[in-house]
$ cat data05.txt   # compact mmCIF, C-alpha atoms
# COMPACT_ATOMS: atom_id res chain seq x y z
CA MET A 1 5.45 10.04 -30.57
CA SER A 2 4.30 6.97 -28.70
CA HIS A 3 5.67 5.16 -25.75
CA ALA A 4 7.77 2.65 -27.67
CA THR A 5 10.09 5.48 -28.66
CA GLY A 6 10.66 6.33 -24.99
CA TYR A 7 8.52 9.44 -24.66
CA ARG A 8 4.92 10.02 -23.65
CA PRO A 9 3.56 13.46 -22.74
CA ARG A 10 2.09 13.81 -19.28
CA LEU A 11 -1.69 14.06 -19.25
CA SER A 12 -3.71 16.40 -17.08
CA PHE A 13 -5.96 15.07 -14.33
CA TRP A 14 -9.07 15.74 -16.43
CA GLN A 15 -7.60 13.97 -19.44
CA ILE A 16 -7.02 10.93 -17.25
CA ILE A 17 -10.61 11.19 -16.00
CA ASN A 18 -11.99 11.27 -19.57
CA MET A 19 -9.77 8.36 -20.52
CA ASN A 20 -11.24 6.22 -17.74
CA VAL A 21 -14.94 7.15 -18.06
CA GLY A 22 -15.51 4.05 -20.18
CA PHE A 23 -14.51 1.94 -17.21
CA PHE A 24 -17.60 3.25 -15.42
CA GLY A 25 -19.96 1.46 -17.82
CA ILE A 26 -17.92 -1.75 -17.82
CA GLN A 27 -17.99 -1.85 -14.04
CA PHE A 28 -21.70 -0.97 -13.87
CA SER A 29 -22.22 -4.19 -15.80
CA PHE A 30 -19.98 -6.16 -13.44
CA GLY A 31 -21.77 -4.63 -10.45
CA LEU A 32 -25.12 -5.83 -11.75
CA GLN A 33 -23.71 -9.33 -12.10
CA GLN A 34 -22.19 -9.33 -8.61
CA SER A 35 -25.33 -8.04 -6.91
CA SER A 36 -28.06 -9.73 -8.94
CA MET A 37 -26.93 -12.99 -10.56
CA SER A 38 -27.14 -15.21 -7.46
CA PRO A 39 -30.65 -13.93 -6.61
CA ILE A 40 -31.71 -14.33 -10.27
CA TYR A 41 -30.43 -17.89 -10.27
CA ALA A 42 -32.28 -18.54 -7.00
CA TYR A 43 -35.51 -17.10 -8.41
CA LEU A 44 -35.15 -19.50 -11.36
CA GLY A 45 -34.69 -22.53 -9.08
CA ALA A 46 -30.93 -22.96 -8.66
CA ASP A 47 -29.61 -25.22 -5.90
CA GLU A 48 -27.65 -23.30 -3.24
CA ALA A 49 -24.71 -25.71 -2.98
CA SER A 50 -24.15 -25.84 -6.75
CA LEU A 51 -24.46 -22.07 -7.19
CA PRO A 52 -20.73 -21.61 -7.98
CA TYR A 53 -21.05 -23.76 -11.12
CA LEU A 54 -23.46 -21.19 -12.57
CA TRP A 55 -20.78 -18.50 -12.22
CA LEU A 56 -18.37 -20.42 -14.47
CA ALA A 57 -18.98 -18.12 -17.47
CA GLY A 58 -16.88 -15.21 -16.22
CA PRO A 59 -13.66 -17.01 -15.38
CA MET A 60 -13.79 -19.38 -18.35
CA THR A 61 -14.34 -16.63 -20.90
CA GLY A 62 -11.71 -14.51 -19.15
CA LEU A 63 -9.21 -17.37 -19.27
CA ILE A 64 -9.66 -17.79 -23.03
CA VAL A 65 -10.70 -14.38 -24.31
CA GLN A 66 -8.55 -11.86 -22.45
CA PRO A 67 -5.06 -13.23 -23.24
CA LEU A 68 -6.08 -13.81 -26.86
CA ILE A 69 -7.66 -10.37 -27.30
CA GLY A 70 -4.73 -8.74 -25.50
CA ALA A 71 -2.23 -10.41 -27.82
CA MET A 72 -4.34 -9.55 -30.89
CA SER A 73 -4.54 -5.89 -29.86
CA ASP A 74 -0.73 -5.71 -29.64
CA ARG A 75 -0.52 -6.62 -33.33
CA THR A 76 -3.62 -4.80 -34.64
CA VAL A 77 -3.35 -1.83 -37.00
CA THR A 78 -6.53 0.09 -37.91
CA ARG A 79 -7.46 3.69 -38.61
CA TRP A 80 -9.04 3.79 -35.12
CA GLY A 81 -6.00 2.39 -33.31
CA ARG A 82 -4.95 -0.92 -31.76
CA ARG A 83 -7.20 -1.13 -28.70
CA THR A 84 -10.29 0.87 -29.70
CA PRO A 85 -11.98 -1.70 -31.99
CA TYR A 86 -11.94 -4.32 -29.25
CA PHE A 87 -13.44 -2.38 -26.38
CA LEU A 88 -16.03 -0.76 -28.67
CA ILE A 89 -17.26 -4.13 -30.00
CA GLY A 90 -17.20 -5.53 -26.47
CA ALA A 91 -19.29 -2.63 -25.15
CA ILE A 92 -21.96 -3.16 -27.85
CA LEU A 93 -22.22 -6.89 -27.10
CA CYS A 94 -22.29 -6.19 -23.36
CA SER A 95 -25.24 -3.82 -23.78
CA LEU A 96 -27.17 -6.45 -25.72
CA GLY A 97 -26.49 -9.05 -23.01
CA LEU A 98 -27.69 -6.70 -20.28
CA LEU A 99 -30.88 -6.00 -22.22
CA ALA A 100 -31.73 -9.70 -22.47
CA MET A 101 -30.59 -11.04 -19.07
CA PRO A 102 -33.51 -10.02 -16.77
CA PHE A 103 -36.06 -11.49 -19.20
CA SER A 104 -34.62 -15.02 -18.88
CA PRO A 105 -37.51 -17.47 -18.40
CA THR A 106 -35.32 -20.42 -17.39
CA LEU A 107 -32.12 -21.12 -15.46
CA TRP A 108 -30.26 -22.42 -18.52
CA MET A 109 -31.07 -19.28 -20.50
CA ALA A 110 -29.81 -16.98 -17.72
CA ALA A 111 -26.60 -19.02 -17.48
CA SER A 112 -26.15 -18.92 -21.27
CA LEU A 113 -26.66 -15.16 -21.39
CA LEU A 114 -24.07 -14.75 -18.64
CA TRP A 115 -21.55 -16.49 -20.92
CA ILE A 116 -22.28 -13.96 -23.67
CA LEU A 117 -22.22 -11.02 -21.25
CA ASP A 118 -18.93 -12.07 -19.68
CA ALA A 119 -17.31 -12.75 -23.04
CA ALA A 120 -18.25 -9.23 -24.12
CA ASN A 121 -16.88 -7.70 -20.91
CA ASN A 122 -13.66 -9.64 -21.34
CA VAL A 123 -13.26 -8.44 -24.94
CA THR A 124 -13.44 -4.91 -23.53
CA MET A 125 -11.39 -5.20 -20.36
CA GLU A 126 -7.74 -5.89 -21.15
CA PRO A 127 -7.46 -3.76 -24.31
CA TYR A 128 -8.87 -0.97 -22.12
CA ARG A 129 -6.21 -1.51 -19.46
CA ALA A 130 -3.53 -1.67 -22.16
CA PHE A 131 -4.94 1.55 -23.65
CA VAL A 132 -4.44 3.32 -20.31
CA SER A 133 -0.90 1.99 -19.99
CA ASP A 134 -0.16 3.06 -23.59
CA LYS A 135 -1.28 6.63 -22.95
CA LEU A 136 0.48 7.34 -19.65
CA ASP A 137 4.00 8.15 -18.64
CA PRO A 138 5.22 5.49 -16.13
CA LYS A 139 5.22 8.08 -13.34
CA GLN A 140 1.48 8.53 -13.93
CA HIS A 141 0.64 4.81 -13.77
CA SER A 142 -0.43 4.98 -10.11
CA LEU A 143 -2.79 7.89 -10.85
CA GLY A 144 -4.09 6.25 -14.02
CA PHE A 145 -4.86 2.83 -12.60
CA LEU A 146 -6.19 4.12 -9.28
CA THR A 147 -8.45 6.48 -11.24
CA GLN A 148 -9.64 3.40 -13.11
CA SER A 149 -10.23 1.84 -9.71
CA ALA A 150 -12.26 4.89 -8.69
CA PHE A 151 -14.53 4.46 -11.70
CA THR A 152 -14.87 0.81 -10.73
CA GLY A 153 -16.16 1.95 -7.36
CA LEU A 154 -18.48 4.56 -8.85
CA GLY A 155 -19.93 2.25 -11.49
CA GLN A 156 -20.52 -0.58 -9.07
CA THR A 157 -21.92 1.77 -6.44
CA LEU A 158 -24.67 2.84 -8.81
CA ALA A 159 -25.22 -0.72 -10.02
CA TYR A 160 -25.75 -2.00 -6.48
CA LEU A 161 -27.85 1.00 -5.48
CA THR A 162 -30.10 1.24 -8.56
CA PRO A 163 -32.81 -1.18 -7.31
CA SER A 164 -33.09 0.70 -4.00
CA LEU A 165 -33.23 4.04 -5.84
CA LEU A 166 -36.03 2.70 -8.03
CA VAL A 167 -37.98 1.76 -4.88
CA LEU A 168 -37.31 5.24 -3.52
CA PHE A 169 -38.70 6.71 -6.73
CA GLY A 170 -41.92 4.75 -6.32
CA MET A 171 -41.50 1.31 -7.88
CA ASN A 172 -43.01 -1.65 -6.00
CA LYS A 173 -40.18 -3.75 -4.57
CA ASP A 174 -42.40 -6.84 -4.43
CA ALA A 175 -43.64 -6.69 -8.05
CA VAL A 176 -42.21 -9.62 -10.02
CA ASN A 177 -42.52 -11.10 -13.50
CA ALA A 178 -43.57 -14.66 -14.36
CA SER A 179 -40.06 -15.93 -13.48
CA HIS A 180 -40.22 -14.23 -10.03
CA ILE A 181 -37.55 -11.69 -11.05
CA PRO A 182 -38.40 -8.30 -9.46
CA HIS A 183 -39.27 -5.46 -11.81
CA ILE A 184 -36.68 -3.25 -10.11
CA VAL A 185 -33.95 -5.72 -11.15
CA ILE A 186 -35.21 -5.72 -14.75
CA VAL A 187 -35.10 -1.91 -14.95
CA ALA A 188 -31.62 -1.85 -13.38
CA PHE A 189 -30.30 -4.09 -16.18
CA LEU A 190 -31.91 -1.86 -18.82
CA ILE A 191 -30.19 1.18 -17.30
CA GLY A 192 -26.92 -0.75 -17.26
CA ALA A 193 -27.23 -1.45 -20.99
CA VAL A 194 -27.36 2.29 -21.68
CA PHE A 195 -24.46 3.17 -19.37
CA SER A 196 -22.25 0.37 -20.70
CA LEU A 197 -22.23 1.70 -24.25
CA ALA A 198 -22.56 5.45 -23.59
CA SER A 199 -19.54 5.65 -21.27
CA VAL A 200 -17.23 3.84 -23.71
CA LEU A 201 -18.39 6.12 -26.52
CA TRP A 202 -17.50 9.13 -24.33
CA THR A 203 -13.95 7.85 -23.85
CA LEU A 204 -13.57 7.22 -27.58
CA LYS A 205 -14.78 10.74 -28.36
CA THR A 206 -12.50 12.50 -25.87
CA THR A 207 -9.36 10.31 -25.81
CA PRO A 208 -7.87 9.06 -29.08
CA GLU A 209 -5.11 6.49 -29.01
CA ASN A 210 -1.51 7.57 -29.46
CA PRO A 211 -0.61 7.32 -33.17
CA LEU A 212 1.84 4.57 -34.01
CA THR A 213 5.24 5.65 -35.33
CA ALA A 214 6.80 4.25 -38.48
CA SER A 215 9.07 1.99 -36.44
CA GLU A 216 6.14 0.64 -34.42
CA LEU A 217 4.12 -0.03 -37.56
CA ALA A 218 7.08 -1.80 -39.10
CA ALA A 219 7.54 -3.94 -35.98
CA ILE A 220 3.86 -4.93 -35.92
CA ARG A 221 3.73 -5.70 -39.64
CA SER A 222 6.90 -7.77 -39.41
CA ARG A 223 5.14 -10.24 -37.13
CA ALA A 224 3.80 -13.32 -38.83
CA PRO A 225 0.00 -13.12 -39.18
CA GLY A 226 -2.54 -15.71 -38.10
CA TRP A 227 -4.03 -17.09 -34.90
CA ARG A 228 -1.26 -19.65 -34.44
CA HIS A 229 1.34 -16.91 -34.22
CA THR A 230 -0.91 -14.94 -31.87
CA LEU A 231 -1.07 -18.00 -29.61
CA GLY A 232 2.70 -18.25 -30.00
CA ASP A 233 3.02 -14.70 -28.66
CA ILE A 234 1.04 -15.77 -25.59
CA GLY A 235 3.26 -18.83 -25.10
CA THR A 236 6.44 -16.77 -25.42
CA ALA A 237 5.12 -14.20 -22.97
CA LEU A 238 4.30 -16.95 -20.47
CA ARG A 239 7.83 -18.37 -20.72
CA GLU A 240 9.40 -14.93 -20.32
CA MET A 241 7.08 -13.76 -17.56
CA PRO A 242 8.78 -11.31 -15.15
CA PRO A 243 9.37 -12.63 -11.60
CA THR A 244 7.19 -9.87 -10.11
CA MET A 245 4.25 -11.13 -12.15
CA LYS A 246 4.73 -14.70 -10.91
CA GLN A 247 4.77 -13.53 -7.30
CA LEU A 248 1.61 -11.50 -7.84
CA ALA A 249 -0.10 -14.69 -9.05
CA VAL A 250 0.04 -16.08 -5.49
CA VAL A 251 -1.52 -12.91 -4.08
CA LYS A 252 -4.29 -13.00 -6.63
CA LEU A 253 -5.02 -16.66 -5.89
CA PHE A 254 -6.05 -15.70 -2.36
CA GLN A 255 -7.81 -12.44 -3.10
CA TRP A 256 -9.91 -13.57 -6.06
CA TYR A 257 -10.94 -16.91 -4.54
CA ALA A 258 -12.11 -14.82 -1.60
CA MET A 259 -13.96 -12.19 -3.62
CA PHE A 260 -15.78 -14.83 -5.68
CA CYS A 261 -16.92 -16.48 -2.44
CA TYR A 262 -18.16 -13.11 -1.21
CA TRP A 263 -20.12 -12.16 -4.34
CA GLN A 264 -21.77 -15.56 -4.68
CA TYR A 265 -22.92 -15.92 -1.08
CA ILE A 266 -23.25 -12.48 0.52
CA ALA A 267 -26.94 -12.11 -0.41
CA LEU A 268 -27.68 -15.61 0.89
CA SER A 269 -25.64 -14.91 4.02
CA LEU A 270 -27.59 -11.72 4.77
CA ALA A 271 -30.87 -13.57 4.18
CA ALA A 272 -29.80 -16.15 6.78
CA THR A 273 -28.23 -13.90 9.44
CA ILE A 274 -30.43 -10.80 9.17
CA PHE A 275 -33.78 -12.07 7.86
CA HIS A 276 -33.54 -15.74 9.00
CA THR A 277 -34.69 -17.22 5.70
CA SER A 278 -33.37 -19.25 2.80
CA ASP A 279 -36.63 -19.25 0.81
CA PRO A 280 -36.22 -17.33 -2.50
CA ALA A 281 -39.98 -16.73 -2.64
CA SER A 282 -40.10 -14.99 0.74
CA GLN A 283 -40.20 -11.25 1.36
CA GLY A 284 -37.18 -11.60 3.63
CA PHE A 285 -35.12 -12.99 0.75
CA ARG A 286 -36.08 -10.06 -1.48
CA ASP A 287 -35.28 -7.67 1.37
CA ALA A 288 -31.87 -9.32 1.71
CA GLY A 289 -31.27 -8.61 -1.97
CA LEU A 290 -32.09 -4.95 -1.45
CA LEU A 291 -29.89 -4.79 1.65
CA ASN A 292 -27.04 -6.39 -0.29
CA GLY A 293 -27.49 -3.69 -2.92
CA GLN A 294 -27.30 -0.97 -0.31
CA VAL A 295 -24.20 -2.25 1.51
CA GLY A 296 -22.61 -3.16 -1.82
CA ALA A 297 -23.23 0.36 -3.07
CA PHE A 298 -21.68 1.71 0.12
CA TYR A 299 -18.48 -0.33 -0.13
CA ASN A 300 -18.14 0.59 -3.80
CA PHE A 301 -18.61 4.27 -2.95
CA VAL A 302 -15.90 3.87 -0.31
CA ALA A 303 -13.74 2.35 -3.05
CA PHE A 304 -14.47 5.32 -5.30
CA ILE A 305 -13.24 7.77 -2.63
CA ALA A 306 -10.42 5.53 -1.42
CA ALA A 307 -8.97 5.06 -4.91
CA PHE A 308 -8.11 8.77 -5.11
CA ALA A 309 -7.04 8.87 -1.44
CA LEU A 310 -4.67 5.95 -2.02
CA VAL A 311 -2.68 7.77 -4.72
CA PRO A 312 -0.38 9.81 -2.40
CA PHE A 313 -0.02 6.91 0.05
CA THR A 314 0.86 4.49 -2.75
CA ARG A 315 3.46 6.92 -4.07
CA ARG A 316 4.97 7.36 -0.61
CA PHE A 317 4.78 3.86 0.87
CA GLY A 318 4.57 1.80 -2.31
CA PRO A 319 1.76 -0.32 -3.77
CA ARG A 320 2.90 -3.47 -1.97
CA ARG A 321 2.52 -2.17 1.58
CA MET A 322 -0.71 -0.34 0.82
CA HIS A 323 -2.24 -3.41 -0.81
CA SER A 324 -1.33 -5.56 2.19
CA LEU A 325 -2.93 -3.07 4.58
CA CYS A 326 -6.11 -2.89 2.50
CA LEU A 327 -6.45 -6.68 2.26
CA CYS A 328 -6.05 -6.92 6.03
CA ALA A 329 -8.89 -4.45 6.53
CA ALA A 330 -11.21 -6.47 4.29
CA GLY A 331 -10.22 -9.79 5.85
CA VAL A 332 -11.16 -8.60 9.32
CA ALA A 333 -14.34 -7.03 7.95
CA MET A 334 -15.56 -10.24 6.33
CA LEU A 335 -14.88 -12.24 9.47
CA CYS A 336 -17.14 -9.79 11.31
CA ILE A 337 -20.07 -9.70 8.82
CA PRO A 338 -21.74 -12.97 9.96
CA LEU A 339 -21.66 -11.73 13.58
CA ILE A 340 -23.85 -8.72 12.75
CA HIS A 341 -27.63 -9.04 13.06
CA THR A 342 -28.61 -5.36 12.69
CA PRO A 343 -28.65 -4.02 9.11
CA ALA A 344 -27.29 -0.56 10.01
CA LEU A 345 -24.15 -2.07 11.58
CA LEU A 346 -23.21 -3.79 8.31
CA PHE A 347 -21.95 -0.49 6.96
CA ILE A 348 -19.01 -0.53 9.40
CA PRO A 349 -17.22 -3.60 7.96
CA MET A 350 -18.04 -2.36 4.46
CA LEU A 351 -15.45 0.38 5.04
CA GLY A 352 -12.78 -2.32 5.04
CA VAL A 353 -14.25 -4.13 2.04
CA GLY A 354 -14.38 -0.88 0.07
CA LEU A 355 -10.79 0.01 0.92
CA ALA A 356 -9.61 -3.39 -0.30
CA TRP A 357 -11.73 -3.25 -3.45
CA ALA A 358 -10.12 0.08 -4.39
CA SER A 359 -6.69 -1.44 -3.91
CA ILE A 360 -7.51 -4.71 -5.72
CA MET A 361 -8.58 -2.83 -8.83
CA GLY A 362 -5.58 -0.50 -8.81
CA ASN A 363 -2.42 -1.44 -6.95
CA PRO A 364 -1.72 -4.85 -8.58
CA TYR A 365 -1.75 -3.08 -11.96
CA VAL A 366 0.62 -0.41 -10.65
CA MET A 367 2.98 -3.24 -9.64
CA LEU A 368 2.51 -4.99 -12.98
CA ALA A 369 2.97 -1.95 -15.24
CA GLY A 370 6.47 -1.33 -13.92
CA CYS A 371 7.75 -4.79 -14.82
CA ILE A 372 6.43 -5.56 -18.33
CA PRO A 373 7.83 -4.41 -21.72
CA PRO A 374 5.65 -1.67 -23.27
CA GLU A 375 5.43 -3.35 -26.68
CA ARG A 376 3.79 -6.40 -25.06
CA THR A 377 1.42 -4.59 -22.73
CA GLY A 378 -1.71 -6.11 -24.27
CA VAL A 379 -0.65 -9.73 -24.03
CA TYR A 380 0.68 -9.34 -20.47
CA MET A 381 -2.48 -7.55 -19.32
CA GLY A 382 -4.42 -10.48 -20.75
CA ILE A 383 -2.20 -13.04 -19.05
CA PHE A 384 -2.48 -11.10 -15.79
CA ASN A 385 -6.22 -11.62 -16.00
CA MET A 386 -5.56 -15.36 -15.96
CA PHE A 387 -4.41 -14.85 -12.39
CA ILE A 388 -7.91 -13.54 -11.66
CA VAL A 389 -9.94 -16.18 -13.45
CA ILE A 390 -7.92 -19.27 -12.51
CA PRO A 391 -8.63 -18.73 -8.77
CA MET A 392 -12.29 -18.25 -9.68
CA ILE A 393 -12.33 -21.53 -11.62
CA ILE A 394 -10.64 -23.30 -8.71
CA GLN A 395 -13.28 -21.84 -6.38
CA ILE A 396 -16.13 -22.95 -8.64
CA PHE A 397 -14.99 -26.58 -8.71
CA THR A 398 -13.81 -26.88 -5.10
CA LEU A 399 -16.33 -24.99 -2.96
CA PRO A 400 -19.29 -27.30 -3.76
CA LEU A 401 -17.15 -30.25 -2.63
CA TYR A 402 -16.84 -28.98 0.94
CA TYR A 403 -19.80 -26.58 1.24
CA HIS A 404 -21.78 -29.06 3.34
CA SER A 405 -18.97 -31.08 4.96
CA TRP A 406 -16.62 -28.27 6.04
CA LEU A 407 -18.85 -25.20 6.00
CA GLY A 408 -21.99 -26.85 7.36
CA GLY A 409 -24.08 -25.80 4.37
CA ARG A 410 -24.17 -22.26 5.80
CA PRO A 411 -23.61 -19.31 3.43
CA GLU A 412 -22.29 -17.15 6.27
CA ASN A 413 -19.39 -19.59 6.69
CA VAL A 414 -18.41 -18.92 3.07
CA ILE A 415 -18.06 -15.23 3.99
CA ARG A 416 -15.83 -16.21 6.94
CA LEU A 417 -13.68 -18.29 4.56
CA ALA A 418 -13.34 -15.26 2.28
CA GLY A 419 -12.08 -13.17 5.19
CA ALA A 420 -9.42 -15.73 6.12
CA LEU A 421 -8.19 -15.94 2.52
CA LEU A 422 -7.86 -12.16 2.25
CA LEU A 423 -5.63 -12.17 5.33
CA CYS A 424 -3.46 -14.80 3.61
CA GLY A 425 -3.26 -12.52 0.57
CA ALA A 426 -2.17 -9.62 2.78
CA VAL A 427 0.82 -11.68 3.92
CA ALA A 428 1.65 -12.98 0.43
CA VAL A 429 1.89 -9.51 -1.15
CA LEU A 430 4.68 -8.55 1.25
CA PHE A 431 6.91 -11.12 -0.49
CA VAL A 432 6.46 -9.55 -3.95
CA LYS A 433 9.70 -8.00 -5.23
CA LEU A 434 9.14 -4.84 -7.27
CA ARG A 435 11.30 -3.23 -9.90
CA PRO A 436 11.67 0.54 -9.39
CA PRO A 437 9.64 2.52 -11.97
CA GLN A 438 11.74 3.75 -14.88
CA ALA A 439 11.28 7.34 -15.98
CA THR A 440 10.88 7.96 -19.69
CA LYS A 441 13.27 10.12 -21.59
CA ALA A 442 12.42 12.82 -24.04

$ encode --input "data05.txt" --output "C-alpha cells"
Amino acid sequence: MSHATGYRPRLSFWQIINMNVGFFGIQFSFGLQQSSMSPIYAYLGADEASLPYLWLAGPMTGLIVQPLIGAMSDRTVTRWGRRTPYFLIGAILCSLGLLAMPFSPTLWMAASLLWILDAANNVTMEPYRAFVSDKLDPKQHSLGFLTQSAFTGLGQTLAYLTPSLLVLFGMNKDAVNASHIPHIVIVAFLIGAVFSLASVLWTLKTTPENPLTASELAAIRSRAPGWRHTLGDIGTALREMPPTMKQLAVVKLFQWYAMFCYWQYIALSLAATIFHTSDPASQGFRDAGLLNGQVGAFYNFVAFIAAFALVPFTRRFGPRRMHSLCLCAAGVAMLCIPLIHTPALLFIPMLGVGLAWASIMGNPYVMLAGCIPPERTGVYMGIFNMFIVIPMIIQIFTLPLYYHSWLGGRPENVIRLAGALLLCGAVAVLFVKLRPPQATKA
C-alpha cells in the first residue's frame, strides 16, 4: 500500500542509498555548471559586471518548469509510475545538453544551451524529490533527504575535481580549443553526460515507485484533465500554503541570493586575490579555474560527509537549529575567503561552506516534508523550488546595478556580500515554526 493510505514500509539504509543514486548524476551536472559556466562565459567574451544575466536560464526555467512538472506528476498515471517518466526524460535531455555545451563557439550559443540544460535538470529535480518523499515513512525523511544531500556533495565533488584529475592523469591544462575553452573542461562535460544518465537509470532499475491503490487512482482520475486545471492546482496550493513553508521562503531568500553570488564570482575572486589577474586569456586565470575546482571539490566532499553526520544531530536538536548553525559557519567562511592569499589556506573556510551546503540541500526539505499533505507532494516540492529561483532572479537583476557603485567592481566584494547574507539567513531560520512529524499508522 502507498503512503496515501497511511502506511509505508521502512526502507533499509542501502535501499535509501539506491533510491538516491540518481541524484549523483543530477548534481554532477549542476557542479559542472557552478564551476565552469562563468569561466566559459569569460572565455567567450562576457563582460564581468553583466555576468549574472547569463545565469538567468536556471532560475527562470526553475520558476516555470518545476511547479508545473511537480503538479503534473501528482496527477500522472503510467505503467512506470507518476514520477519516473519525468526524471528519466529530464536525464536524457540533460546528457544531450552536457555533450553540446563545451563545444559552444559563441557566447549566445553557450547561454542558449544553458537554458536547455537547466530546463532538463528542472524536469528531473522536483519529481525526484517527490519520489523520495513518496517512498519513505515520515520518520525516515531526515535520513532520506540528508542522504540526497550527501549525493549532492559527492556528485559536485567529482564535478569540481574532474579537470584537476584530468591534469593529474596527463592532460595539458593549457591546451584550448578555438573558443579558448580548455580541453580538460570539454572532457569533464563529456564525463558528466555519461554520469547524468547512468545514475538515474540505476535508481530506476533498483527502486520502483510504490504502486498506486485503487483509491489513489480514483482520486487522480477524478481530477479534471488539461493544463488549465494543472495550473489551477498550483494556484490552489499557493493559496493554501502552510505557514512553515512561507517562513522558509524568507530563509531561502537570503541563502540562495548568497549562493548564486558565490558561484558566479568565486573563480573571478580567486583570480583577483590569489593570482592578481582579471584577464581570461592569462595563465593565472586558468589556474584560478583549477583552484576553484579543487576547493569546490573539497567543500562538496565535506558536504558529502557532513550530510550523514548531520542525521543524528538533526534528529536530536531539530533541523531548524542545525540549519542555523551551518549557515553561520558558511557566512563567517565567506567573509574570510577574500582575506586569504595562499591557496592552501582556502581549504579552511571551505569546511564551513561544505557544512552549510550539506544542510541547504537537506534540512529545508526535512522541515518542508513534515508540513505538506502527501497527496500534493509534487506540486509543493515544485513551489518550494520557486523559493530557490526567485532569489536567484532577484540577484541577477539587482547585482549588476550596484556591482560598480557599492562593491567597487571587485569580485571579492561579492563573496563578502554572500557571507553577510548567509548570516542573515541563519537568524531568519530560527523564526520558522515547525509542525512535529506525524508517525504513520499501519

$ closest_residue --input "data05.txt" --among "A:Asn385, A:Gln27, A:Ile17, A:Ala71" --to "A:Arg228" --atoms "all atoms listed in the file"
A:Ala71

$ closest_residue --input "data05.txt" --among "A:Ala420, A:Leu143, A:Ile89, A:Leu399" --to "A:Ser12" --atoms "all atoms listed in the file"
A:Leu143

$ residues_around --input "data05.txt" --residues "A:Gly90" --least-positions-apart "3" --cutoff "12 Å" --atoms "all atoms listed in the file" --output "PyMOL selection string"
chain A and resi 22+25-26+29+65-66+69+83-87+93-97+116-128+196-197+200-201

$ closest_residue --input "data05.txt" --among "A:Lys246, A:His180, A:His229, A:His341" --to "A:Ser282" --atoms "all atoms listed in the file"
A:His180

$ atom_distance --input "data05.txt" --atom1 "atom CA of A:Leu248" --atom2 "atom CA of A:Met322"
14.3 Å

$ decode --input "data05.txt" --residues "stretch 409-420 of chain A" --atoms "N, CA, C and O atoms" --output "PDB file, in the first residue's frame"
ATOM      1  N   GLY A 409      33.280  47.224  -8.134  1.00  0.00           N
ATOM      2  CA  GLY A 409      33.679  46.438  -9.288  1.00  0.00           C
ATOM      3  C   GLY A 409      34.656  45.327  -8.942  1.00  0.00           C
ATOM      4  O   GLY A 409      35.426  44.884  -9.808  1.00  0.00           O
ATOM      5  N   ARG A 410      34.652  44.875  -7.689  1.00  0.00           N
ATOM      6  CA  ARG A 410      35.593  43.861  -7.225  1.00  0.00           C
ATOM      7  C   ARG A 410      34.850  42.549  -6.935  1.00  0.00           C
ATOM      8  O   ARG A 410      33.951  42.503  -6.090  1.00  0.00           O
ATOM      9  N   PRO A 411      35.211  41.464  -7.622  1.00  0.00           N
ATOM     10  CA  PRO A 411      34.507  40.198  -7.391  1.00  0.00           C
ATOM     11  C   PRO A 411      34.632  39.680  -5.959  1.00  0.00           C
ATOM     12  O   PRO A 411      33.722  39.023  -5.454  1.00  0.00           O
ATOM     13  N   GLU A 412      35.742  40.000  -5.291  1.00  0.00           N
ATOM     14  CA  GLU A 412      35.893  39.526  -3.914  1.00  0.00           C
ATOM     15  C   GLU A 412      34.868  40.161  -2.982  1.00  0.00           C
ATOM     16  O   GLU A 412      34.489  39.570  -1.950  1.00  0.00           O
ATOM     17  N   ASN A 413      34.394  41.369  -3.318  1.00  0.00           N
ATOM     18  CA  ASN A 413      33.359  42.003  -2.500  1.00  0.00           C
ATOM     19  C   ASN A 413      32.009  41.299  -2.663  1.00  0.00           C
ATOM     20  O   ASN A 413      31.166  41.347  -1.757  1.00  0.00           O
ATOM     21  N   VAL A 414      31.786  40.661  -3.799  1.00  0.00           N
ATOM     22  CA  VAL A 414      30.572  39.861  -3.973  1.00  0.00           C
ATOM     23  C   VAL A 414      30.604  38.667  -3.020  1.00  0.00           C
ATOM     24  O   VAL A 414      29.574  38.281  -2.453  1.00  0.00           O
ATOM     25  N   ILE A 415      31.762  38.080  -2.828  1.00  0.00           N
ATOM     26  CA  ILE A 415      31.893  36.952  -1.891  1.00  0.00           C
ATOM     27  C   ILE A 415      31.626  37.426  -0.458  1.00  0.00           C
ATOM     28  O   ILE A 415      30.976  36.721   0.327  1.00  0.00           O
ATOM     29  N   ARG A 416      32.110  38.624  -0.118  1.00  0.00           N
ATOM     30  CA  ARG A 416      31.813  39.179   1.217  1.00  0.00           C
ATOM     31  C   ARG A 416      30.318  39.394   1.400  1.00  0.00           C
ATOM     32  O   ARG A 416      29.754  39.125   2.476  1.00  0.00           O
ATOM     33  N   LEU A 417      29.651  39.896   0.356  1.00  0.00           N
ATOM     34  CA  LEU A 417      28.200  40.091   0.415  1.00  0.00           C
ATOM     35  C   LEU A 417      27.499  38.758   0.662  1.00  0.00           C
ATOM     36  O   LEU A 417      26.569  38.682   1.485  1.00  0.00           O
ATOM     37  N   ALA A 418      27.947  37.707  -0.017  1.00  0.00           N
ATOM     38  CA  ALA A 418      27.351  36.383   0.177  1.00  0.00           C
ATOM     39  C   ALA A 418      27.469  35.934   1.628  1.00  0.00           C
ATOM     40  O   ALA A 418      26.521  35.383   2.211  1.00  0.00           O
ATOM     41  N   GLY A 419      28.621  36.174   2.244  1.00  0.00           N
ATOM     42  CA  GLY A 419      28.803  35.806   3.640  1.00  0.00           C
ATOM     43  C   GLY A 419      27.838  36.521   4.561  1.00  0.00           C
ATOM     44  O   GLY A 419      27.241  35.912   5.468  1.00  0.00           O
ATOM     45  N   ALA A 420      27.650  37.825   4.343  1.00  0.00           N
ATOM     46  CA  ALA A 420      26.732  38.594   5.184  1.00  0.00           C
ATOM     47  C   ALA A 420      25.295  38.095   5.038  1.00  0.00           C
ATOM     48  O   ALA A 420      24.548  38.000   6.022  1.00  0.00           O
TER      49      ALA A 420
END
